[in-house]
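Visitor: Input: one structure, supplied below.
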Amino acid sequence: MNRPDREPPRLAESLLLRVVPPGVAGRSIVGDAREEYLAYCRSNSLIPGPIWYWIYIMPIIARFISGKTPKKAPTSQPNGGFYTRLGNLASDLRIALRMLRRKPGFTVAAIVTLGLGIGANTTIFSLVDGVLLRPLPYPEADRLVGVYRIDPEVTGPDPAPQWLVNLWAVPYEVFLDWRDMSPVFEAAGAHHEPSFTLTGGDQPETLSGAMVTSGVFQALGVAPLLGRPLIPADDAVGAPSHAVLSYGLWQRSYGGDPAIIGNHMILNGTSYEVVGVMPRGFGFPFGEEDVWVSFDDARKTSPVRNGGYLQVIARVQPGISLEQAQLEMDAVARRNGESHPEEVEHGIGLFSHKELLISNSRSGLLMLLGAVGLVLLIACANIANLLLVRATERRRELGVRQALGAGRGRLLTQHMSESLVLALVGGVAGGLVAVATLKPFVAAFPGDLPRANEIAVDYRMLLIAIGLSVATGLLTGVLPAIRAVRTPIVDVLQDGARGFAGGLRRNRTQALVVVSEVALAFVLLVGAGLFIRSLTRLTSVERGFVSEGIISMPVVLPARYRDSVAVSNAFYRELYDRLGAVPGVELIANASQMPFVGGMSWPPTSVETNEGIVEDIVHSSTVSDRYFEAMSIPVQSGRMFNATDLEDTEPVIVVNEAFAKHYWPDEVPIGRRVRRDFPGDSIWRTVVGVVGDIRNRLDEDPFPEFFLPTSQDPWWYQIVVIKAGIEPAALIPQIRDALWAIDRDVPAYARALDDRISSSGAVAGPRFGVFILGLLSGLAALLAIVGIYGVLAYTVSQRSKEIGIRMALGAGRHSVVGAVLKRGLLMAGGGLAIGVGISFAAGRVIESQLFEVRATDPLTMVSVGLLILAATVAASYIPAWRATKVDPVEALRNE
Amino acid sequence: MKTPTLGEFEQLVLLAILQLEDDGFALSVLRELDDRAGRRVSRGALYKTLERLEGKRFVEWEVEDATPGRGGHPRRRFYVTKRGVAALQNARDALFSLWKGLDTVLGKPSV
């Protein structure tokens with residue numbers, strides 16, 4: 001896996017070069033390190049080379065740094081030269097380690113807290129780095145653009161979601177025009193992602209892949225590992241069908257055999273000759289593809305110019321900016337409008353390829369990063385508070401040392417070294433946590449995380465963990481250190497003599513830290529609460545159909561069934577006969593498209609209205625007569641399809657309510673006519689019924705759609721819809737067997753509709769949000785409550801004498817408990833006030849992820865607030881109870 | 001001038017270089033120490049020791065042309081100076097005189 005020509009990390013090598021002796025001697029040491037590095041890389045070991053190199057050089061560097069300390073350090077100067085300070089640092093670290101060993105409970109708790117905090121942050125940071133920050137894995141990837149047909153009236157690219165919905169795919173003919181007319185492209189290619197079924201093996205296998213023109217490979221600029229990519233000759237009409245394999249498919253299905261080049265594979269019934277294998281890690285457009293094939297002649301020669309199914313990627317000529325290229329394409333669009341007047345309103349838009357890939361994921365990832373960042377902040381605050389307590393306890397010691405002449409800088413570093421040691425050990429633990437969790441986390445990420453295949457454990461992750469540790473160390477250490485150093489010596493010594501360890505000021509600092517913890521925890525809890533509300537709404541939204549007991553099975557027939565409708569119809573007749581005989585099957589229907597099964601068709605459509613014929617793009621599907629019955633979609637008026645709707649009877653359609661309301665408001669839709677403007681299929685069809693609206697996505701309102709009967713619009717692709725009288729899972733194997741009894745080359749994608757809905761992006765995303773934010777906010781709240789408890793418990797223990805005196809003077813238990821509780825509630829209340837402010841300000845970040853819930857939802861805020869107050873009361877109870885147990889006599893005796 | 005004394009590890013390094021004859025490169029010395037003496041030595045320690053031995057003028061080195069895979073960095077071949085050999089002899093004599101007559105206590109040497 002490690003390439004032999006690898007270079008060691010440059011930073012590490014230059015660091016080594018700086019510490020070794022100058023001249024040949026030092027350079028020979030660096031050379032030795034390189035020699036061993038290469039040997040290591042060739043050995044294919046587990047630890048990635050760059051990390052190994054860092055580990056390798058660290059002891060050498062340490063040896064040369066420590067060896068440079070002069071034997072006789074000038075101890076008379078406390079802040080002497082660099083080496084003295086280095087020596088001081090070493091002794092500070094030793095002292096810090098000793099202090100931490102002495103309190104193992106505290107140390108372990110702090111390291112676990114920091115380890116989890118730093119680990120979670122490192123994982124998410126690596127994710128953000130891999131997806132958002134890193135350049136795409138192509139040479140000069142910033143020159144790659146996506147080219148789309150756009151409506152120039154819609155202004156872009158801000159705000160992002162708006163410009164994303166304004167991107168339209170194009171047909172092949174239009175792509176050819178763009179490619180040939182635009183001088184700004186070095187290369188341009190079109191791609192399309194149909195589903196692929198690989199047959200010829202034991203069982204048909206579904207592959208992911210893309211149909212591409214040679215320009216895609218030219219634009220990406222990645223050379224194949226074996227053979228060749230697709231070349232311009234493959235784009236010619238009449239060229240043989242060629243395929244390029246991914247490294248993964250080559251290994252998995254062909255055992256990595258180099259002799260695969262020249263062999264044939266059968267995809268969707270067509271035989272493709274394998275001409276090349278791409279290197280490991282190459283994937284386009286989504287990253288997980290198995291195969292790329294040339295376009296077929298039918299697509300290459302299609303004269304259609306409206307609608308479209310192709311996306312175009314291009315590499316802009318070097319030295320031309322995106323803006324210049326856009327201007328050039330505007331000119332191309334104008335020229336195109338002259339030769340094709342019907343397209344005069346179409347614009348051409350260029351968009352950064354990387355931006356297109358990642359813009360949908362950005363807000364979710366940043367939200368996640370913000371959430372884990374907040375948890376780490378809270379963890380830091382808690383540890384800072386604990387260290388603050390320790391600092392108070394050590395004030396006498398420090399006061400004495402200060403009196404004896406130790407400089408402030410020296411005291412500061414000594415204080416800081418303790419938190420730095422904690423943070424660095426926590427960082428090591430965090431690094432391990434991150435290495436262990438990154439891959440599972442990426443795998444569990446819902447929906448389509450772009451560039452998921454590029455996210456890997458590497459040395460950048462190590463740098464992130466180190467950076468986070470140092471930041472954490474500074475964050476946790478700086479407050480206690482400054483506090484300790486700034487207190488005047490006299491105060492310390494006198495205060496200490498009286499046995500009163502805590503002044504009011506220090507308690508105030510501690511309280512402020514806790515207040516900010518509560519505020520941050522509130523923000524996270526509100527986030528989690530909003531996602532829970534949003535998810536509840538999504539899953540309980542009125543869908544317009546009943547999914548329970550429904551099994552859907554898209555059937556992709558091999559090419560031999562596609563020649564004529566008679567052949568595919570015969571197949572389906574036999575399939576339905578066999579399925580009807582399976583016990584437990586109540587009802588069989590079919591559809592060309594249905595909610596949550598994928599694929600949507602938006603044909604150009606003409607609708608007869610009172611204002612004349614309206615041309616529009618409307619969603620349509622073709623369904624059998626019992627489809628509405630199977631899905632429990634109610635008929636509002638007119639009738640469903642039935643057995644009298646045949647190929648040779650009057651062409652009919654059924655529309656949904658949204659369609660009827662949109663085109664024929666306040667009129668009777670029955671009897672109106674609609675036409676699908678497909679080439680060779682432009683006949684008027686009469687509306688015979690209106691059915692209820694259904695949601696095609698949970699988070700999307702129903703839109704106008706119309707339905708054609710299967711009998712009048714048959715095709716080789718159908719989704720078989722089965723209503724089961726028994727548990728769907730028990731029926732699926734029998735359904736598959738029924739299919740395979742006819743033909744084993746047909747892949748069986750049978751799945752319960754409920755499963756499809758619960759794993760659909762609209763549900764999976766929020767569910768993941770609930771899970772992650774629930775976890776993080778729970779953790780944050782726990783830490784904040786522990787913080788409140790810690791401060792109260794400490795205050796009570798510090799004030800036991802005062803409390804004792806008060807009680808001796810007649811104060812009742814209630815007033816003592818009340819005082820402690822009041823202090824706790826004041827901290828919580830302050831935190832809540834700030835938290836509400838932050839939540840309002842930060843609401844915009846998550847608003848786009850929510851469904852029918854405002855980010856400022858009062859119910860969520862109030863419930864979270866009450867929850868925190870209740871937890872505060874619980875956390876205050878123990879210290880309050882302890883305060884009442886103070887024995888006045890004992891307290892006074894000490895005084 | 002009095003010859004500086006030799007530490008135990010310094011002795012091992014000098015002996016390894018002598019054993020290696022013309023192959024006295026730092027990485028070879030490491031391997032030699034591991035193979036013959038069973039000592040796994042950190043790189044840092046070895047480089048510092050070589051530096052010290054050079055300071056005591058017990059070793060010298062010459063520059064070997066860079067081999068591929070060293071990023072253009074040179075290679076040093078170490079050899080033991082006459083002074084180094086003399087120091088080793090001194091050390092051996094001192095040890096032998098102290099070892100003498102202790103076979104009954106320590107047993108016969110295994111090598």
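Just remember, in the structure tokens the first chain shown is A, the second B, etc., residues are 1-based per chain, and ligands are 1-based in the order shown.
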Please check the contacts: residues of chain A at most 6 Å away from chain B, using only C-alpha atoms, listed as an mmCIF file with C-alpha atoms, in the first residue's frame.

Guide:
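The result, written out as iface21.cif:
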```cif
data_model
loop_
_atom_site.group_PDB
_atom_site.id
_atom_site.type_symbol
_atom_site.label_atom_id
_atom_site.label_comp_id
_atom_site.auth_asym_id
_atom_site.auth_seq_id
_atom_site.Cartn_x
_atom_site.Cartn_y
_atom_site.Cartn_z
ATOM 1 C CA ARG A 27 22.800 15.510 7.156
ATOM 2 C CA SER A 28 24.025 11.954 7.279
ATOM 3 C CA GLY A 31 19.886 10.434 5.355
ATOM 4 C CA ARG A 34 15.277 8.405 5.122
ATOM 5 C CA GLU A 35 16.870 5.077 4.410
ATOM 6 C CA ILE A 60 16.489 11.428 18.185
ATOM 7 C CA ARG A 63 18.362 13.239 22.537
#
```

Visitor: By how many Å are atom CA of Pro603 of chain A and atom CA of Leu356 of chain A apart?

Guide: 24.9 Å

Visitor: I'd like the contact shell of segment 537-549 of chain A - 10 Å cut-off, only C-alpha atoms, skipping same-chain residues fewer than 5 positions apart - returned as a PyMOL selection string.

Guide: chain A and resi 531-532+585-586+595+628-634+691-702+722-729+752-758+762-763+766+850-853

Visitor: Please report the interatomic distance between atom CA of Arg83 of chain B and atom CA of Leu30 of chain B in Å with one decimal.

Guide: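 Result for atom CA of Arg83 of chain B versus atom CA of Leu30 of chain B: 22.5 Å, one decimal.
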
Visitor: Could you pull out the residues in chain B that DSSP calls helix (DSSP H, G or I) from the backbone, as number ranges by chain?

Guide: B: 8-23, 26-37, 43-55, 82-99, 103-106

Visitor: For the residues selected in the previous step, produce a file with C-alpha atoms as a PDB file, in the first residue's frame.

Guide:
```pdb
ATOM      1  CA  GLU B   8      30.592   0.423  28.557  1.00  0.00           C
ATOM      2  CA  PHE B   9      28.338   1.488  25.705  1.00  0.00           C
ATOM      3  CA  GLU B  10      31.190   3.351  24.055  1.00  0.00           C
ATOM      4  CA  GLN B  11      33.230   0.154  24.158  1.00  0.00           C
ATOM      5  CA  LEU B  12      30.399  -1.768  22.488  1.00  0.00           C
ATOM      6  CA  VAL B  13      30.114   0.833  19.732  1.00  0.00           C
ATOM      7  CA  LEU B  14      33.866   0.854  19.060  1.00  0.00           C
ATOM      8  CA  LEU B  15      33.955  -2.969  18.966  1.00  0.00           C
ATOM      9  CA  ALA B  16      31.002  -3.072  16.599  1.00  0.00           C
ATOM     10  CA  ILE B  17      32.709  -0.646  14.231  1.00  0.00           C
ATOM     11  CA  LEU B  18      35.869  -2.772  14.305  1.00  0.00           C
ATOM     12  CA  GLN B  19      33.843  -5.915  13.619  1.00  0.00           C
ATOM     13  CA  LEU B  20      32.172  -4.287  10.650  1.00  0.00           C
ATOM     14  CA  GLU B  21      35.521  -3.439   9.047  1.00  0.00           C
ATOM     15  CA  ASP B  22      34.607  -1.477   5.896  1.00  0.00           C
ATOM     16  CA  ASP B  23      30.910  -1.340   6.647  1.00  0.00           C
ATOM     17  CA  ALA B  26      25.594   4.105  11.673  1.00  0.00           C
ATOM     18  CA  LEU B  27      22.712   1.852  10.686  1.00  0.00           C
ATOM     19  CA  SER B  28      25.054  -1.143  10.318  1.00  0.00           C
ATOM     20  CA  VAL B  29      26.427  -0.461  13.790  1.00  0.00           C
ATOM     21  CA  LEU B  30      22.869  -0.569  15.121  1.00  0.00           C
ATOM     22  CA  ARG B  31      22.258  -3.934  13.505  1.00  0.00           C
ATOM     23  CA  GLU B  32      25.609  -5.280  14.682  1.00  0.00           C
ATOM     24  CA  LEU B  33      24.853  -4.288  18.273  1.00  0.00           C
ATOM     25  CA  ASP B  34      21.474  -5.998  18.030  1.00  0.00           C
ATOM     26  CA  ASP B  35      22.821  -9.163  16.351  1.00  0.00           C
ATOM     27  CA  ARG B  36      25.958  -9.733  18.376  1.00  0.00           C
ATOM     28  CA  ALA B  37      25.321  -8.118  21.724  1.00  0.00           C
ATOM     29  CA  ARG B  43      19.154   6.011  17.250  1.00  0.00           C
ATOM     30  CA  GLY B  44      19.519   9.129  19.339  1.00  0.00           C
ATOM     31  CA  ALA B  45      21.777   7.369  21.828  1.00  0.00           C
ATOM     32  CA  LEU B  46      23.974   5.971  19.077  1.00  0.00           C
ATOM     33  CA  TYR B  47      24.376   9.303  17.302  1.00  0.00           C
ATOM     34  CA  LYS B  48      25.211  11.067  20.550  1.00  0.00           C
ATOM     35  CA  THR B  49      27.731   8.364  21.441  1.00  0.00           C
ATOM     36  CA  LEU B  50      29.389   8.589  18.036  1.00  0.00           C
ATOM     37  CA  GLU B  51      29.568  12.354  18.502  1.00  0.00           C
ATOM     38  CA  ARG B  52      31.203  11.877  21.896  1.00  0.00           C
ATOM     39  CA  LEU B  53      33.670   9.274  20.583  1.00  0.00           C
ATOM     40  CA  GLU B  54      34.549  11.655  17.789  1.00  0.00           C
ATOM     41  CA  GLY B  55      35.160  14.377  20.390  1.00  0.00           C
ATOM     42  CA  LYS B  82      44.697   4.245  16.687  1.00  0.00           C
ATOM     43  CA  ARG B  83      43.828   6.207  19.817  1.00  0.00           C
ATOM     44  CA  GLY B  84      40.499   4.383  19.945  1.00  0.00           C
ATOM     45  CA  VAL B  85      42.162   1.002  19.603  1.00  0.00           C
ATOM     46  CA  ALA B  86      44.567   1.936  22.376  1.00  0.00           C
ATOM     47  CA  ALA B  87      41.696   2.953  24.616  1.00  0.00           C
ATOM     48  CA  LEU B  88      39.987  -0.366  23.934  1.00  0.00           C
ATOM     49  CA  GLN B  89      43.178  -2.210  24.800  1.00  0.00           C
ATOM     50  CA  ASN B  90      43.471  -0.279  28.048  1.00  0.00           C
ATOM     51  CA  ALA B  91      39.901  -1.067  28.912  1.00  0.00           C
ATOM     52  CA  ARG B  92      40.342  -4.764  28.124  1.00  0.00           C
ATOM     53  CA  ASP B  93      43.533  -4.985  30.210  1.00  0.00           C
ATOM     54  CA  ALA B  94      41.818  -3.312  33.128  1.00  0.00           C
ATOM     55  CA  LEU B  95      38.866  -5.645  32.879  1.00  0.00           C
ATOM     56  CA  PHE B  96      41.011  -8.766  32.493  1.00  0.00           C
ATOM     57  CA  SER B  97      43.031  -7.956  35.565  1.00  0.00           C
ATOM     58  CA  LEU B  98      39.837  -7.526  37.540  1.00  0.00           C
ATOM     59  CA  TRP B  99      38.194 -10.639  36.116  1.00  0.00           C
ATOM     60  CA  ASP B 103      35.907 -18.011  37.600  1.00  0.00           C
ATOM     61  CA  THR B 104      34.945 -19.895  40.731  1.00  0.00           C
ATOM     62  CA  VAL B 105      32.493 -17.154  41.599  1.00  0.00           C
ATOM     63  CA  LEU B 106      31.228 -16.247  38.157  1.00  0.00           C
TER      64      LEU B 106
END
```

Visitor: Give me the residues near segment 292-298 of chain A as an MDAnalysis selection string, where near means some atom within 9 Å (using only C-alpha atoms) and where sequence neighbours in that chain fewer than 3 positions away do not count.

Guide: chainID A and resid 191 209:214 230 234:246 272 274 284 289 301:302

Visitor: May I have the selected residues written with N, CA and C atoms, as a PDB file, in the first residue's frame?

Guide:
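part35.pdb written:
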```
ATOM      1  N   HIS A 191     -21.970  12.645 -18.030  1.00  0.00           N
ATOM      2  CA  HIS A 191     -22.150  11.383 -17.315  1.00  0.00           C
ATOM      3  C   HIS A 191     -23.575  11.222 -16.852  1.00  0.00           C
ATOM      4  N   GLY A 209     -22.372   2.632 -10.933  1.00  0.00           N
ATOM      5  CA  GLY A 209     -21.459   3.034 -11.984  1.00  0.00           C
ATOM      6  C   GLY A 209     -22.017   4.190 -12.765  1.00  0.00           C
ATOM      7  N   ALA A 210     -21.346   4.537 -13.815  1.00  0.00           N
ATOM      8  CA  ALA A 210     -21.798   5.667 -14.605  1.00  0.00           C
ATOM      9  C   ALA A 210     -21.525   5.402 -16.072  1.00  0.00           C
ATOM     10  N   MET A 211     -22.414   5.977 -16.895  1.00  0.00           N
ATOM     11  CA  MET A 211     -22.211   5.994 -18.323  1.00  0.00           C
ATOM     12  C   MET A 211     -21.496   7.309 -18.585  1.00  0.00           C
ATOM     13  N   VAL A 212     -20.337   7.272 -19.218  1.00  0.00           N
ATOM     14  CA  VAL A 212     -19.557   8.508 -19.360  1.00  0.00           C
ATOM     15  C   VAL A 212     -19.041   8.654 -20.785  1.00  0.00           C
ATOM     16  N   THR A 213     -18.778   9.894 -21.165  1.00  0.00           N
ATOM     17  CA  THR A 213     -18.059  10.110 -22.418  1.00  0.00           C
ATOM     18  C   THR A 213     -16.573  10.217 -22.076  1.00  0.00           C
ATOM     19  N   SER A 214     -15.727  10.128 -23.110  1.00  0.00           N
ATOM     20  CA  SER A 214     -14.285  10.126 -22.859  1.00  0.00           C
ATOM     21  C   SER A 214     -13.834  11.411 -22.166  1.00  0.00           C
ATOM     22  N   LEU A 230     -11.601   5.603 -21.318  1.00  0.00           N
ATOM     23  CA  LEU A 230     -12.358   5.782 -22.555  1.00  0.00           C
ATOM     24  C   LEU A 230     -11.703   6.911 -23.333  1.00  0.00           C
ATOM     25  N   ASP A 234     -14.359   6.200 -28.499  1.00  0.00           N
ATOM     26  CA  ASP A 234     -15.495   5.540 -27.859  1.00  0.00           C
ATOM     27  C   ASP A 234     -16.767   6.372 -27.937  1.00  0.00           C
ATOM     28  N   ASP A 235     -16.622   7.679 -28.192  1.00  0.00           N
ATOM     29  CA  ASP A 235     -17.795   8.546 -28.265  1.00  0.00           C
ATOM     30  C   ASP A 235     -18.466   8.480 -29.645  1.00  0.00           C
ATOM     31  N   ALA A 236     -17.766   7.902 -30.615  1.00  0.00           N
ATOM     32  CA  ALA A 236     -18.307   7.884 -31.972  1.00  0.00           C
ATOM     33  C   ALA A 236     -19.495   6.938 -32.069  1.00  0.00           C
ATOM     34  N   VAL A 237     -20.445   7.285 -32.934  1.00  0.00           N
ATOM     35  CA  VAL A 237     -21.588   6.398 -33.156  1.00  0.00           C
ATOM     36  C   VAL A 237     -21.078   5.131 -33.832  1.00  0.00           C
ATOM     37  N   GLY A 238     -21.544   3.979 -33.323  1.00  0.00           N
ATOM     38  CA  GLY A 238     -21.112   2.717 -33.897  1.00  0.00           C
ATOM     39  C   GLY A 238     -19.874   2.143 -33.224  1.00  0.00           C
ATOM     40  N   ALA A 239     -19.288   2.873 -32.274  1.00  0.00           N
ATOM     41  CA  ALA A 239     -18.105   2.347 -31.577  1.00  0.00           C
ATOM     42  C   ALA A 239     -18.531   1.179 -30.696  1.00  0.00           C
ATOM     43  N   PRO A 240     -17.641   0.188 -30.509  1.00  0.00           N
ATOM     44  CA  PRO A 240     -17.994  -0.939 -29.640  1.00  0.00           C
ATOM     45  C   PRO A 240     -18.199  -0.466 -28.188  1.00  0.00           C
ATOM     46  N   SER A 241     -18.958  -1.254 -27.409  1.00  0.00           N
ATOM     47  CA  SER A 241     -19.219  -0.882 -26.018  1.00  0.00           C
ATOM     48  C   SER A 241     -18.005  -1.218 -25.155  1.00  0.00           C
ATOM     49  N   HIS A 242     -17.480  -0.216 -24.469  1.00  0.00           N
ATOM     50  CA  HIS A 242     -16.281  -0.408 -23.652  1.00  0.00           C
ATOM     51  C   HIS A 242     -16.556  -0.060 -22.198  1.00  0.00           C
ATOM     52  N   ALA A 243     -15.826  -0.739 -21.298  1.00  0.00           N
ATOM     53  CA  ALA A 243     -16.010  -0.486 -19.871  1.00  0.00           C
ATOM     54  C   ALA A 243     -14.659  -0.308 -19.208  1.00  0.00           C
ATOM     55  N   VAL A 244     -14.623   0.552 -18.190  1.00  0.00           N
ATOM     56  CA  VAL A 244     -13.438   0.734 -17.351  1.00  0.00           C
ATOM     57  C   VAL A 244     -13.842   0.350 -15.936  1.00  0.00           C
ATOM     58  N   LEU A 245     -13.039  -0.514 -15.304  1.00  0.00           N
ATOM     59  CA  LEU A 245     -13.409  -1.014 -13.970  1.00  0.00           C
ATOM     60  C   LEU A 245     -12.779  -0.164 -12.879  1.00  0.00           C
ATOM     61  N   SER A 246     -13.432  -0.157 -11.715  1.00  0.00           N
ATOM     62  CA  SER A 246     -12.792   0.438 -10.547  1.00  0.00           C
ATOM     63  C   SER A 246     -11.841  -0.590  -9.957  1.00  0.00           C
ATOM     64  N   TYR A 272     -19.905  -5.629 -22.695  1.00  0.00           N
ATOM     65  CA  TYR A 272     -18.908  -4.553 -22.740  1.00  0.00           C
ATOM     66  C   TYR A 272     -17.520  -5.168 -22.692  1.00  0.00           C
ATOM     67  N   VAL A 274     -13.796  -4.876 -21.476  1.00  0.00           N
ATOM     68  CA  VAL A 274     -13.061  -4.135 -20.455  1.00  0.00           C
ATOM     69  C   VAL A 274     -11.784  -3.582 -21.086  1.00  0.00           C
ATOM     70  N   PHE A 284     -15.991   8.347  -9.334  1.00  0.00           N
ATOM     71  CA  PHE A 284     -16.642   9.510  -9.912  1.00  0.00           C
ATOM     72  C   PHE A 284     -18.024   9.092 -10.384  1.00  0.00           C
ATOM     73  N   GLU A 289     -18.173   4.223  -7.126  1.00  0.00           N
ATOM     74  CA  GLU A 289     -18.576   3.528  -8.343  1.00  0.00           C
ATOM     75  C   GLU A 289     -17.737   2.288  -8.600  1.00  0.00           C
ATOM     76  N   THR A 301     -27.351   9.162 -30.429  1.00  0.00           N
ATOM     77  CA  THR A 301     -27.982   9.710 -31.623  1.00  0.00           C
ATOM     78  C   THR A 301     -29.336  10.342 -31.342  1.00  0.00           C
ATOM     79  N   SER A 302     -29.754  10.347 -30.059  1.00  0.00           N
ATOM     80  CA  SER A 302     -31.068  10.906 -29.758  1.00  0.00           C
ATOM     81  C   SER A 302     -31.112  12.398 -30.093  1.00  0.00           C
TER      82      SER A 302
END
```

Visitor: Using DSSP on the backbone coordinates, identify the residues of segment 321-529 of chain A assigned to strand (DSSP E or B); present them as a PyMOL selection string.

Guide: chain A and resi 347-352

Visitor: Quick one: everything within 6 Å of segment 420-436 of chain A, counting only C-alpha atoms, minus sequence neighbours fewer than 3 positions away in the same chain. Send it as a PyMOL selection string.

Guide: chain A and resi 111+114-116+118-119+122-123+417+465+469+473

Visitor: Go ahead and write the selection's residues with C-alpha atoms as an mmCIF file, in the first residue's frame.

Guide:
```
data_model
loop_
_atom_site.group_PDB
_atom_site.id
_atom_site.type_symbol
_atom_site.label_atom_id
_atom_site.label_comp_id
_atom_site.auth_asym_id
_atom_site.auth_seq_id
_atom_site.Cartn_x
_atom_site.Cartn_y
_atom_site.Cartn_z
ATOM 1 C CA ILE A 111 -7.879 12.429 31.318
ATOM 2 C CA LEU A 114 -10.358 15.284 27.881
ATOM 3 C CA GLY A 115 -9.692 12.075 25.963
ATOM 4 C CA LEU A 116 -13.325 11.768 24.967
ATOM 5 C CA ILE A 118 -10.422 15.639 22.149
ATOM 6 C CA GLY A 119 -11.180 12.304 20.484
ATOM 7 C CA THR A 122 -10.504 15.021 16.257
ATOM 8 C CA THR A 123 -12.936 12.629 14.575
ATOM 9 C CA SER A 417 2.651 22.594 32.943
ATOM 10 C CA ALA A 465 -5.160 16.006 17.931
ATOM 11 C CA SER A 469 -4.474 19.120 23.111
ATOM 12 C CA GLY A 473 -4.094 22.676 27.956
#
```

Visitor: Leaving out Gly146 of chain A and any residue of its chain fewer than 5 positions from it, which residues lie within 10 Å of it when counting only C-alpha atoms, given as a CSV table (one decimal) with N, CA and C atoms, in the first residue's frame?

Guide:
```csv
chain,number,residue,atom,x,y,z
A,167,LEU,N,-30.4,23.9,-11.1
A,167,LEU,CA,-29.5,23.2,-12.0
A,167,LEU,C,-30.3,22.1,-12.8
A,188,ALA,N,-14.3,18.3,-21.7
A,188,ALA,CA,-15.7,18.3,-21.1
A,188,ALA,C,-16.3,16.9,-21.4
A,189,GLY,N,-16.9,16.4,-20.4
A,189,GLY,CA,-17.5,15.1,-20.5
A,189,GLY,C,-18.9,15.1,-19.9
A,190,ALA,N,-19.8,14.2,-20.4
A,190,ALA,CA,-21.1,14.0,-19.8
A,190,ALA,C,-21.2,12.7,-19.1
A,311,GLN,N,-25.4,15.0,-16.7
A,311,GLN,CA,-24.6,16.1,-16.0
A,311,GLN,C,-23.3,16.2,-16.7
A,312,VAL,N,-22.8,17.4,-16.7
A,312,VAL,CA,-21.6,17.7,-17.5
A,312,VAL,C,-20.5,18.2,-16.6
A,313,ILE,N,-19.3,17.6,-16.7
A,313,ILE,CA,-18.1,18.1,-16.0
A,313,ILE,C,-17.1,18.5,-17.0
A,314,ALA,N,-16.4,19.6,-16.6
A,314,ALA,CA,-15.4,20.2,-17.6
A,314,ALA,C,-14.2,20.7,-16.8
A,315,ARG,N,-13.1,20.7,-17.5
A,315,ARG,CA,-11.9,21.3,-17.0
A,315,ARG,C,-11.6,22.6,-17.8
A,349,GLY,N,-24.8,27.5,-16.8
A,349,GLY,CA,-24.2,27.9,-15.5
A,349,GLY,C,-23.0,27.1,-15.3
A,350,LEU,N,-21.9,27.7,-14.9
A,350,LEU,CA,-20.7,27.0,-14.5
A,350,LEU,C,-20.6,27.1,-12.9
A,351,PHE,N,-20.3,25.9,-12.3
A,351,PHE,CA,-20.2,25.9,-10.9
A,351,PHE,C,-19.0,25.1,-10.5
A,352,SER,N,-18.3,25.5,-9.4
A,352,SER,CA,-17.1,24.7,-9.0
A,352,SER,C,-17.6,23.3,-8.6
A,353,HIS,N,-16.9,22.3,-9.2
A,353,HIS,CA,-17.2,20.9,-9.0
A,353,HIS,C,-17.2,20.6,-7.5
A,354,LYS,N,-16.2,21.1,-6.8
A,354,LYS,CA,-16.1,20.8,-5.4
A,354,LYS,C,-17.3,21.4,-4.6
A,355,GLU,N,-17.7,22.6,-5.0
A,355,GLU,CA,-18.8,23.3,-4.3
A,355,GLU,C,-20.1,22.5,-4.5
A,356,LEU,N,-20.3,22.0,-5.8
A,356,LEU,CA,-21.5,21.2,-6.1
A,356,LEU,C,-21.5,19.9,-5.2
A,357,LEU,N,-20.4,19.3,-5.0
A,357,LEU,CA,-20.3,18.1,-4.2
A,357,LEU,C,-20.7,18.3,-2.8
```

Visitor: Find the residues around Leu374 of chain A up to 10 Å (only C-alpha atoms counted), leave out those fewer than 3 positions away in its own chain, and share them as a list in words.

Guide: Gly117, Asn121, Leu368, Leu369, Gly370, Ala371, Leu377, Ile378, Ala379, Cys380, Glu517, Leu520, Ala521, Val523, Leu524, Leu776, Ser777 and Ala780 of chain A

Visitor: Store the residues picked out above, limited to C-alpha atoms, as a compact mmCIF listing (two decimals), in the first residue's frame.

Guide:
```txt
# COMPACT_ATOMS: atom_id res chain seq x y z
CA GLY A 117 -13.58 15.47 24.23
CA ASN A 121 -13.35 16.66 18.14
CA LEU A 368 -21.68 18.83 14.20
CA LEU A 369 -18.31 20.50 14.56
CA GLY A 370 -19.88 23.28 16.60
CA ALA A 371 -21.61 20.77 18.85
CA LEU A 377 -15.28 23.74 25.85
CA ILE A 378 -17.52 22.57 28.67
CA ALA A 379 -15.10 19.79 29.53
CA CYS A 380 -12.28 22.34 29.59
CA GLU A 517 -20.98 25.77 31.07
CA LEU A 520 -23.36 26.01 26.40
CA ALA A 521 -25.17 22.92 27.66
CA VAL A 523 -27.64 25.50 23.59
CA LEU A 524 -26.83 21.86 22.87
CA LEU A 776 -23.42 15.30 23.02
CA SER A 777 -25.95 17.46 24.78
CA ALA A 780 -22.65 18.53 28.12
```
